[in-house]
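Listing of protein_37.tsv, TSV, C-alpha atoms and all ligand atoms
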```tsv
chain	number	residue	atom	x	y	z
A	161	MET	CA	15.90	-42.14	-69.47
A	162	ARG	CA	12.74	-43.56	-67.90
A	163	HIS	CA	11.65	-42.54	-64.40
A	164	TYR	CA	10.26	-45.13	-62.02
A	165	ASN	CA	8.85	-45.02	-58.53
A	166	ILE	CA	9.23	-47.74	-55.89
A	167	PRO	CA	6.51	-47.21	-53.28
A	168	ILE	CA	7.07	-48.66	-49.81
A	169	PHE	CA	4.07	-48.44	-47.50
A	170	ILE	CA	5.03	-47.69	-43.89
A	171	PRO	CA	1.93	-47.13	-41.77
A	172	GLU	CA	2.37	-45.07	-38.65
A	173	LEU	CA	1.12	-47.51	-36.08
A	174	ALA	CA	0.09	-45.18	-33.29
A	175	CYS	CA	-0.62	-41.76	-34.68
A	176	PRO	CA	-1.34	-39.49	-31.71
A	177	ASN	CA	-3.31	-37.04	-33.85
A	178	LYS	CA	-7.06	-36.89	-34.34
A	179	CYS	CA	-7.70	-35.42	-37.79
A	180	ILE	CA	-11.47	-35.63	-38.13
A	181	TYR	CA	-11.43	-37.19	-41.62
A	182	CYS	CA	-8.97	-39.97	-40.78
A	183	ASN	CA	-9.78	-43.50	-39.63
A	184	GLN	CA	-6.18	-44.26	-38.67
A	185	ARG	CA	-7.05	-44.87	-35.01
A	186	PHE	CA	-9.51	-47.55	-36.00
A	187	ILE	CA	-7.40	-49.35	-38.57
A	188	SER	CA	-3.96	-49.09	-36.97
A	189	GLY	CA	-4.40	-52.45	-35.23
A	190	GLN	CA	-4.87	-54.10	-38.62
A	191	GLN	CA	-1.67	-52.67	-40.10
A	192	PHE	CA	1.91	-53.81	-39.88
A	193	GLN	CA	5.19	-52.13	-40.68
A	194	PRO	CA	7.24	-54.15	-43.18
A	195	ASN	CA	10.50	-55.73	-42.05
A	196	LYS	CA	13.88	-55.50	-43.80
A	197	ASN	CA	13.44	-58.65	-45.89
A	198	GLU	CA	10.01	-57.61	-47.09
A	199	ILE	CA	11.36	-54.22	-48.17
A	200	ILE	CA	14.34	-55.75	-49.99
A	201	GLU	CA	12.05	-58.22	-51.74
A	202	LYS	CA	9.74	-55.42	-52.82
A	203	ILE	CA	12.59	-53.26	-54.14
A	204	ASN	CA	14.15	-56.15	-56.06
A	205	SER	CA	10.89	-57.16	-57.65
A	206	HIS	CA	10.29	-53.57	-58.77
A	207	LEU	CA	13.83	-53.21	-60.15
A	208	GLN	CA	13.39	-56.34	-62.26
A	209	THR	CA	10.48	-54.77	-64.12
A	210	PHE	CA	12.28	-51.51	-65.06
A	211	ASN	CA	13.56	-50.98	-68.60
A	212	SER	CA	17.14	-49.66	-68.74
A	213	PRO	CA	18.32	-46.95	-68.73
A	214	PHE	CA	16.21	-45.72	-65.79
A	215	ILE	CA	16.13	-43.42	-62.80
A	216	ALA	CA	14.36	-44.86	-59.77
A	217	GLU	CA	13.04	-43.05	-56.74
A	218	LEU	CA	12.00	-44.88	-53.60
A	219	ALA	CA	9.02	-43.35	-51.79
A	220	PHE	CA	8.16	-44.13	-48.17
A	221	PHE	CA	4.47	-43.35	-47.93
A	222	GLY	CA	1.45	-44.21	-45.81
A	223	GLY	CA	2.02	-42.23	-42.65
A	224	SER	CA	4.23	-39.55	-41.22
A	225	PHE	CA	7.70	-41.00	-41.78
A	226	THR	CA	9.36	-38.64	-39.33
A	227	GLY	CA	6.69	-39.49	-36.74
A	228	ILE	CA	8.06	-42.98	-36.31
A	229	GLU	CA	10.83	-43.68	-33.82
A	230	VAL	CA	14.14	-42.17	-34.97
A	231	ASN	CA	15.97	-45.51	-34.75
A	232	LYS	CA	13.31	-47.11	-36.90
A	233	GLN	CA	13.58	-44.29	-39.48
A	234	ILE	CA	17.34	-44.83	-39.65
A	235	GLU	CA	16.83	-48.59	-39.93
A	236	TYR	CA	14.56	-48.07	-42.94
A	237	LEU	CA	16.85	-45.53	-44.57
A	238	LYS	CA	19.87	-47.81	-44.13
A	239	ILE	CA	18.17	-50.58	-46.12
A	240	ILE	CA	18.12	-48.31	-49.16
A	241	GLN	CA	21.74	-47.11	-49.00
A	242	PRO	CA	23.38	-50.08	-50.83
A	243	TYR	CA	20.98	-49.50	-53.75
A	244	ILE	CA	21.97	-45.82	-53.87
A	245	ILE	CA	25.67	-46.66	-53.74
A	246	LYS	CA	25.24	-49.11	-56.62
A	247	GLY	CA	23.26	-46.52	-58.60
A	248	LYS	CA	20.09	-48.64	-58.71
A	249	ILE	CA	18.06	-46.09	-56.78
A	250	GLU	CA	18.72	-42.42	-57.31
A	251	SER	CA	16.82	-40.83	-54.45
A	252	ILE	CA	14.39	-41.23	-51.57
A	253	ARG	CA	11.13	-39.37	-51.00
A	254	ILE	CA	9.25	-39.30	-47.70
A	255	SER	CA	5.96	-37.78	-46.59
A	256	THR	CA	5.22	-36.38	-43.16
A	257	ARG	CA	3.36	-33.77	-41.10
A	258	PRO	CA	4.47	-30.12	-41.05
A	259	ASP	CA	5.00	-30.21	-37.28
A	260	TYR	CA	7.24	-33.29	-37.43
A	261	ILE	CA	10.17	-31.42	-38.98
A	262	THR	CA	13.15	-30.35	-36.90
A	263	ASP	CA	16.76	-29.50	-37.67
A	264	ASP	CA	17.90	-32.82	-36.18
A	265	ILE	CA	15.45	-34.85	-38.25
A	266	LEU	CA	16.46	-33.03	-41.41
A	267	HIS	CA	20.15	-33.73	-40.76
A	268	ILE	CA	19.38	-37.44	-40.47
A	269	LEU	CA	17.33	-37.43	-43.67
A	270	LYS	CA	20.13	-35.59	-45.47
A	271	GLU	CA	22.74	-38.05	-44.29
A	272	TYR	CA	20.70	-40.93	-45.75
A	273	ASN	CA	20.11	-39.40	-49.19
A	274	VAL	CA	16.51	-38.31	-48.84
A	275	LYS	CA	15.91	-35.87	-51.69
A	276	THR	CA	12.25	-34.89	-51.40
A	277	ILE	CA	10.07	-34.21	-48.37
A	278	GLU	CA	6.33	-33.96	-48.84
A	279	LEU	CA	4.26	-32.26	-46.16
A	280	GLY	CA	0.53	-32.76	-45.70
A	281	ALA	CA	-0.37	-29.08	-45.52
A	282	GLN	CA	-4.05	-29.85	-46.26
A	283	SER	CA	-5.17	-26.22	-45.86
A	284	LEU	CA	-3.40	-22.97	-45.21
A	285	SER	CA	-6.44	-21.44	-43.51
A	286	GLN	CA	-6.11	-21.74	-39.74
A	287	ASP	CA	-9.86	-22.10	-39.12
A	288	VAL	CA	-9.99	-25.06	-41.52
A	289	LEU	CA	-7.00	-26.71	-39.82
A	290	ASP	CA	-8.49	-26.08	-36.37
A	291	PHE	CA	-11.91	-27.49	-37.19
A	292	SER	CA	-10.31	-30.56	-38.73
A	293	GLN	CA	-8.20	-30.99	-35.58
A	294	ARG	CA	-5.03	-31.22	-37.59
A	295	GLY	CA	-3.09	-30.25	-34.49
A	296	HIS	CA	-0.68	-27.93	-36.31
A	297	ARG	CA	-0.74	-24.33	-37.39
A	298	VAL	CA	-0.26	-22.60	-40.74
A	299	GLU	CA	3.05	-21.30	-39.36
A	300	ASP	CA	4.26	-24.88	-38.94
A	301	VAL	CA	3.86	-25.38	-42.69
A	302	GLU	CA	5.64	-22.11	-43.39
A	303	LYS	CA	8.51	-22.75	-40.97
A	304	SER	CA	9.03	-26.38	-42.03
A	305	SER	CA	8.93	-25.51	-45.72
A	306	GLU	CA	11.59	-22.88	-45.16
A	307	LEU	CA	13.81	-25.30	-43.21
A	308	ILE	CA	13.39	-28.03	-45.82
A	309	LEU	CA	14.40	-25.69	-48.64
A	310	LYS	CA	17.25	-24.19	-46.64
A	311	MET	CA	18.72	-27.66	-46.16
A	312	GLY	CA	18.59	-28.29	-49.90
A	313	PHE	CA	15.68	-30.77	-50.06
A	314	GLU	CA	12.98	-30.66	-52.68
A	315	LEU	CA	9.63	-29.65	-51.16
A	316	GLY	CA	6.23	-31.20	-51.86
A	317	LEU	CA	3.05	-29.80	-50.30
A	318	GLN	CA	-0.22	-31.75	-50.41
A	319	MET	CA	-3.62	-30.11	-50.02
A	320	MET	CA	-7.21	-31.18	-49.37
A	321	ILE	CA	-10.27	-29.37	-50.66
A	322	GLY	CA	-13.76	-29.25	-49.18
A	323	LEU	CA	-12.87	-29.76	-45.51
A	324	PRO	CA	-15.36	-28.22	-43.05
A	325	LYS	CA	-15.09	-24.40	-43.10
A	326	ASP	CA	-13.31	-24.50	-46.47
A	327	ASN	CA	-14.53	-22.63	-49.53
A	328	ILE	CA	-13.20	-22.07	-53.04
A	329	GLU	CA	-11.44	-18.81	-52.09
A	330	LYS	CA	-9.63	-20.48	-49.18
A	331	SER	CA	-8.61	-23.43	-51.33
A	332	ILE	CA	-7.30	-21.14	-54.06
A	333	ASN	CA	-5.45	-19.19	-51.39
A	334	THR	CA	-3.92	-22.45	-50.13
A	335	ALA	CA	-2.79	-23.30	-53.66
A	336	ASN	CA	-1.24	-19.86	-54.13
A	337	LYS	CA	0.57	-20.15	-50.79
A	338	ILE	CA	1.87	-23.58	-51.78
A	339	VAL	CA	3.36	-21.90	-54.84
A	340	SER	CA	4.90	-19.08	-52.82
A	341	LEU	CA	6.33	-21.49	-50.24
A	342	GLY	CA	8.48	-22.99	-52.98
A	343	ALA	CA	6.93	-26.44	-53.48
A	344	LYS	CA	8.09	-28.37	-56.55
A	345	SER	CA	5.27	-30.92	-56.38
A	346	THR	CA	1.78	-31.28	-54.98
A	347	ARG	CA	-1.21	-33.58	-54.60
A	348	ILE	CA	-4.82	-32.43	-54.51
A	349	TYR	CA	-7.33	-34.52	-52.56
A	350	PRO	CA	-11.06	-33.79	-52.32
A	351	THR	CA	-12.22	-34.59	-48.78
A	352	LEU	CA	-14.01	-37.92	-48.51
A	353	VAL	CA	-16.23	-39.05	-45.64
A	354	ILE	CA	-14.78	-42.34	-44.45
A	355	GLU	CA	-16.54	-44.65	-41.99
A	356	ASN	CA	-15.36	-44.55	-38.37
A	357	THR	CA	-14.25	-40.94	-38.41
A	358	GLU	CA	-15.43	-37.81	-36.65
A	359	LEU	CA	-16.34	-36.44	-40.08
A	360	ALA	CA	-18.69	-39.40	-40.59
A	361	ASN	CA	-20.46	-38.46	-37.33
A	362	LEU	CA	-20.81	-34.84	-38.47
A	363	TYR	CA	-22.08	-35.98	-41.86
A	364	ARG	CA	-24.68	-38.27	-40.26
A	365	LYS	CA	-25.86	-35.44	-38.01
A	366	GLY	CA	-26.23	-33.20	-41.08
A	367	GLU	CA	-23.47	-30.88	-39.83
A	368	TYR	CA	-21.09	-31.49	-42.74
A	369	THR	CA	-21.76	-31.79	-46.45
A	370	PRO	CA	-18.86	-32.85	-48.66
A	371	LEU	CA	-18.32	-31.27	-52.07
A	372	SER	CA	-20.38	-32.85	-54.80
A	373	LEU	CA	-18.41	-34.45	-57.62
A	374	ASP	CA	-19.20	-31.47	-59.88
A	375	GLN	CA	-18.07	-28.94	-57.27
A	376	ALA	CA	-14.86	-30.88	-56.61
A	377	ILE	CA	-14.13	-30.98	-60.34
A	378	ILE	CA	-14.63	-27.23	-60.70
A	379	TRP	CA	-12.53	-26.34	-57.63
A	380	THR	CA	-9.78	-28.72	-58.64
A	381	SER	CA	-9.73	-27.49	-62.23
A	382	GLN	CA	-8.96	-23.96	-60.98
A	383	ILE	CA	-6.33	-25.15	-58.51
A	384	TYR	CA	-4.77	-27.45	-61.10
A	385	GLN	CA	-4.15	-24.49	-63.41
A	386	ILE	CA	-2.51	-22.47	-60.63
A	387	PHE	CA	-0.01	-25.28	-60.09
A	388	HIS	CA	0.44	-25.94	-63.79
A	389	ASN	CA	1.10	-22.27	-64.54
A	390	ASN	CA	3.76	-22.19	-61.83
A	391	ASN	CA	5.52	-25.36	-63.00
A	392	ILE	CA	4.54	-27.36	-59.93
A	393	LYS	CA	4.29	-31.04	-60.66
A	394	ILE	CA	0.82	-32.37	-59.83
A	395	LEU	CA	1.58	-35.90	-58.68
A	396	ARG	CA	-1.95	-36.90	-57.84
A	397	VAL	CA	-5.48	-35.59	-58.17
A	398	GLY	CA	-7.99	-37.49	-56.03
A	399	LEU	CA	-7.37	-40.49	-53.84
A	400	HIS	CA	-5.91	-43.68	-55.21
A	401	PRO	CA	-8.87	-46.04	-55.70
A	402	SER	CA	-8.20	-48.67	-53.04
A	403	GLU	CA	-10.42	-51.71	-52.92
A	404	SER	CA	-12.40	-50.44	-49.94
A	405	LEU	CA	-13.13	-47.19	-51.75
A	406	LEU	CA	-14.11	-49.02	-54.91
A	407	ASN	CA	-16.54	-51.36	-53.21
A	408	ARG	CA	-17.74	-48.51	-51.00
A	409	THR	CA	-17.30	-50.40	-47.74
A	410	GLU	CA	-15.41	-47.49	-46.17
A	411	LEU	CA	-16.59	-44.57	-48.25
A	412	LEU	CA	-19.69	-42.92	-46.85
A	413	ALA	CA	-19.82	-39.80	-49.02
A	414	GLY	CA	-17.69	-37.39	-51.00
A	415	ALA	CA	-16.35	-36.67	-54.45
A	416	PHE	CA	-14.71	-39.95	-55.34
A	417	HIS	CA	-14.35	-41.10	-58.93
A	418	VAL	CA	-11.84	-43.55	-60.39
A	419	SER	CA	-11.19	-41.13	-63.26
A	420	PHE	CA	-11.17	-37.96	-61.19
A	421	ARG	CA	-8.05	-36.50	-62.82
A	422	GLU	CA	-9.49	-37.11	-66.26
A	423	LEU	CA	-12.74	-35.39	-65.27
A	424	VAL	CA	-10.78	-32.38	-64.00
A	425	LEU	CA	-8.78	-32.13	-67.22
A	426	THR	CA	-11.97	-32.51	-69.25
A	427	GLN	CA	-13.40	-29.52	-67.35
A	428	ILE	CA	-10.27	-27.43	-67.95
A	429	TRP	CA	-10.45	-28.09	-71.69
A	430	LYS	CA	-14.20	-27.50	-71.80
A	431	GLU	CA	-13.70	-24.02	-70.33
A	432	LYS	CA	-11.06	-23.28	-72.95
A	433	PHE	CA	-13.36	-24.36	-75.78
A	434	LEU	CA	-16.17	-22.14	-74.48
A	435	GLN	CA	-14.01	-19.17	-75.60
A	436	ILE	CA	-14.20	-20.21	-79.29
A	437	PRO	CA	-16.89	-18.22	-81.13
A	438	GLN	CA	-19.50	-20.78	-82.13
A	439	ASP	CA	-20.86	-21.11	-85.66
A	440	LYS	CA	-22.90	-24.11	-86.76
A	441	SER	CA	-21.79	-23.62	-90.37
A	442	ASN	CA	-18.06	-23.78	-89.53
A	443	ASP	CA	-15.60	-26.66	-89.56
A	444	LEU	CA	-13.43	-26.50	-86.43
A	445	VAL	CA	-9.85	-27.84	-86.25
A	446	ILE	CA	-8.29	-27.97	-82.78
A	447	PHE	CA	-4.54	-28.35	-82.27
A	448	THR	CA	-3.14	-29.68	-78.97
A	449	HIS	CA	0.00	-31.41	-77.77
A	450	PRO	CA	-0.39	-35.18	-78.49
A	451	LYS	CA	-0.45	-36.07	-74.80
A	452	SER	CA	-3.35	-33.67	-74.20
A	453	LYS	CA	-5.49	-34.82	-77.09
A	454	ASN	CA	-7.57	-37.29	-75.07
A	455	HIS	CA	-8.31	-34.73	-72.40
A	456	ALA	CA	-9.27	-32.19	-75.04
A	457	ILE	CA	-11.66	-34.77	-76.50
A	458	GLY	CA	-12.91	-35.22	-72.93
A	459	TYR	CA	-13.98	-38.01	-70.63
A	460	LYS	CA	-16.12	-40.36	-72.72
A	461	GLY	CA	-15.78	-37.87	-75.58
A	462	SER	CA	-17.85	-35.25	-73.74
A	463	ASN	CA	-15.96	-32.19	-75.04
A	464	ARG	CA	-16.10	-33.46	-78.59
A	465	SER	CA	-19.85	-34.09	-78.25
A	466	TYR	CA	-20.31	-30.58	-76.87
A	467	LEU	CA	-18.41	-29.04	-79.80
A	468	GLN	CA	-20.26	-31.21	-82.32
A	469	ASN	CA	-23.45	-29.42	-81.25
A	470	HIS	CA	-21.95	-26.03	-82.07
A	471	PHE	CA	-19.86	-26.65	-85.23
A	472	LYS	CA	-20.38	-28.47	-88.52
A	473	THR	CA	-17.36	-30.78	-88.05
A	474	ILE	CA	-14.65	-31.19	-85.40
A	475	THR	CA	-11.10	-32.37	-86.09
A	476	TYR	CA	-8.38	-32.78	-83.47
A	477	LYS	CA	-4.79	-32.38	-84.68
A	478	GLU	CA	-1.43	-32.51	-82.90
A	479	ASP	CA	1.12	-29.75	-82.45
A	480	LEU	CA	4.30	-30.67	-80.61
A	481	ALA	CA	5.20	-27.01	-80.06
A	482	LEU	CA	2.34	-26.56	-77.58
A	483	ASN	CA	2.53	-27.21	-73.84
A	484	ASP	CA	0.03	-29.60	-72.34
A	485	LEU	CA	-2.65	-27.00	-71.55
A	486	GLU	CA	-2.21	-24.87	-74.68
A	487	PHE	CA	-4.18	-25.07	-77.90
A	488	HIS	CA	-4.93	-23.17	-81.05
A	489	TYR	CA	-7.66	-23.64	-83.60
A	490	SER	CA	-8.78	-22.76	-87.08
A	491	THR	CA	-12.27	-22.49	-88.48
A	492	GLY	CA	-13.52	-22.51	-92.05
A	493	LYS	CA	-16.52	-23.33	-94.18
B	501	LIG	S1	-4.35	-37.85	-41.14
B	501	LIG	FE1	-4.01	-37.10	-39.04
B	501	LIG	S2	-4.82	-38.70	-37.69
B	501	LIG	FE2	-4.57	-39.60	-39.72
B	501	LIG	S3	-2.58	-40.57	-39.71
B	501	LIG	FE3	-2.28	-38.51	-40.56
B	501	LIG	S4	-1.79	-37.21	-38.82
B	501	LIG	FE4	-2.64	-39.15	-37.99
```
Just give me the structure of the file as C-alpha cells.
Ligand code: SF4
Amino acid sequence: MRHYNIPIFIPELACPNKCIYCNQRFISGQQFQPNKNEIIEKINSHLQTFNSPFIAELAFFGGSFTGIEVNKQIEYLKIIQPYIIKGKIESIRISTRPDYITDDILHILKEYNVKTIELGAQSLSQDVLDFSQRGHRVEDVEKSSELILKMGFELGLQMMIGLPKDNIEKSINTANKIVSLGAKSTRIYPTLVIENTELANLYRKGEYTPLSLDQAIIWTSQIYQIFHNNNIKILRVGLHPSESLLNRTELLAGAFHVSFRELVLTQIWKEKFLQIPQDKSNDLVIFTHPKSKNHAIGYKGSNRSYLQNHFKTITYKEDLALNDLEFHYSTGK
C-alpha cells in the first residue's frame, strides 16, 4: 500500500505573534486563504496521480491551523469529510502553536477526523523561546502534548536549531524532551535569517550569528540519531527550498542547502566509518541496507572518496537485514 500526502497551504492571515525569525507580518498582505473550490480542485488533482492501492493523508500546513477562526477551521475540515467517508482520504494532519491547543479545539478536531497534530515547539529551553519572542512557554508544549495524546491524537513536535541563545546541549536537550513527550514525528529546521525580520536586524548589527552550514550539519546529525534511535519519524530536515530561498531574495544568512538532509546523512555515515581501523593494504567491503547505500557513499561520493584514501579498494554491498543506520564490514588483503 503506497502512502501519499495532499498538502493544503492555509496561511494564517493575521498572526498576532512576533517570532523574531518570521516575516509573516510583512508577507501576510500578499497571501490568501484558499476557498472551497480551490481546495476540492487541489485534492482531486492529487488523487488522480496516486497509484492504487493507496493511503492518503491531507495536511493543512502554512500557519497555525487552530489560530484561525473556529468557524473557518470547521469549514475547512468539512470539505474533507466526504473524501474520508468514501475512503479516498484516510486522515487529516494539522500544524499549530503549542499555546493554541484547548480541550474545546481538540474536541472539534476529533469530531472531524484529524489524526495528527504537529506543534512548533522550536526549543524547549525557556531562554531561547523568550529571546525569540515565541510568546509561549515550555510548559505550554508539555501541557498541549499531554492533552493531544490523552485525546488519542498522534503528536508531532517540530524543532529549530541555532536560534539566539541556543547551543548544541540545549538543542540535544530539546530533542530528548521531544522523545519523552511522546512525539511520533518531528521536523528539524536550522534557523535562517530572512529579510524583514527582527533576526535580520540583529544579524546586521552583528548581534546574531547563525550556525554555519558545517555546524548545522553536525548538530543535526546528532539530533537525527536521537530521533532515529527512538523510532520518531523525521519528516523533514531543513526548510523546503522555496523559490525565494533558492534565488536568495529573502535569505540573508544561515545554513540553507538544497540537499541538507543528504549532507546530514553523509555526516552520520562518515562518523560511523571513522570507527573502522584503517589499513592502506586492505580491501574494505561495507554492507548497508539498500536504501542507505547512497548516503553511505556520501554526498557527491565524499565518504567513498574519504575511504579510498585509507583502504586499497572499497566495495559497497547490500544487506536487507540491516536497519537504515546500521552497517557491518569485512576487510581482507
Ligand atoms: S512563526 Fe511566529 S510570528 Fe510567524 S506565523 Fe508562526 S507564530 Fe506567527
Please enclose the listed atoms of range 457-476 of chain A in an axis-aligned box, pad each side by 4 Å, and write out the centre and the three edge lengths in Å, rounded to one decimal, as JSON.
```
{"center_x": -15.9, "center_y": -33.2, "center_z": -79.6, "size_x": 23.1, "size_y": 22.3, "size_z": 25.9}
```
Tell me which of A:Ile446, A:Ala413, A:Met161, A:Ala481 sits closest to Leu359 in chain A, counting all atoms listed in the file.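 Closest to Leu359 in chain A, using all atoms listed in the file: A:Ala413.
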Name all residues at most 10 Å from Ile428 in chain A (count all atoms listed in the file; drop same-chain ones fewer than 6 positions away) and give them as a VMD selection string. chain A and resid 377 to 378 380 to 382 384 to 385 422 455 to 456 458 485
For range 282-295 of chain A, please output as a list in words all residues within 9 Å (counting only C-alpha atoms; exclusion window: fewer than 5 positions along the same chain).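 Surrounding residues, per the criterion: Asn177, Lys178, Cys179, Ile180, Tyr181, Asp259, Val301, Leu317, Gln318, Met319, Met320, Ile321, Leu323, Pro324, Lys325, Asp326, Lys330, Ser331, Asn333, Thr334, Ala335, Lys337, Ile338, Ile348, Tyr349 and Leu359 of chain A.
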Two-atom distance - CA of Gly247 in chain A, CA of Glu217 in chain A (Å):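 A separation of 11.0 Å between them.
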In terms of the shortest atom-to-atom distance over all atoms listed in the file, which of A:Leu423, A:Leu405, A:Leu399, A:Phe487 is closest to Trp379 in chain A?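 Answer, going by the shortest atom-to-atom distance: A:Leu423.
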So which residues touch range 275-279 of chain A within 8 Å, counting all atoms listed in the file, skipping near sequence neighbours fewer than 5 positions away, as an MDAnalysis selection string? chainID A and resid 251:258 270 301 308 313:318
Length of the CA of Asn165 in chain A to CA of Ile215 in chain A vector [Å]: 8.6 Å
From A:Thr226, A:Ser304, A:Ser212, A:Gln468, residue lying nearest ligand LIG 501 (chain B) [all atoms listed in the file]: A:Thr226
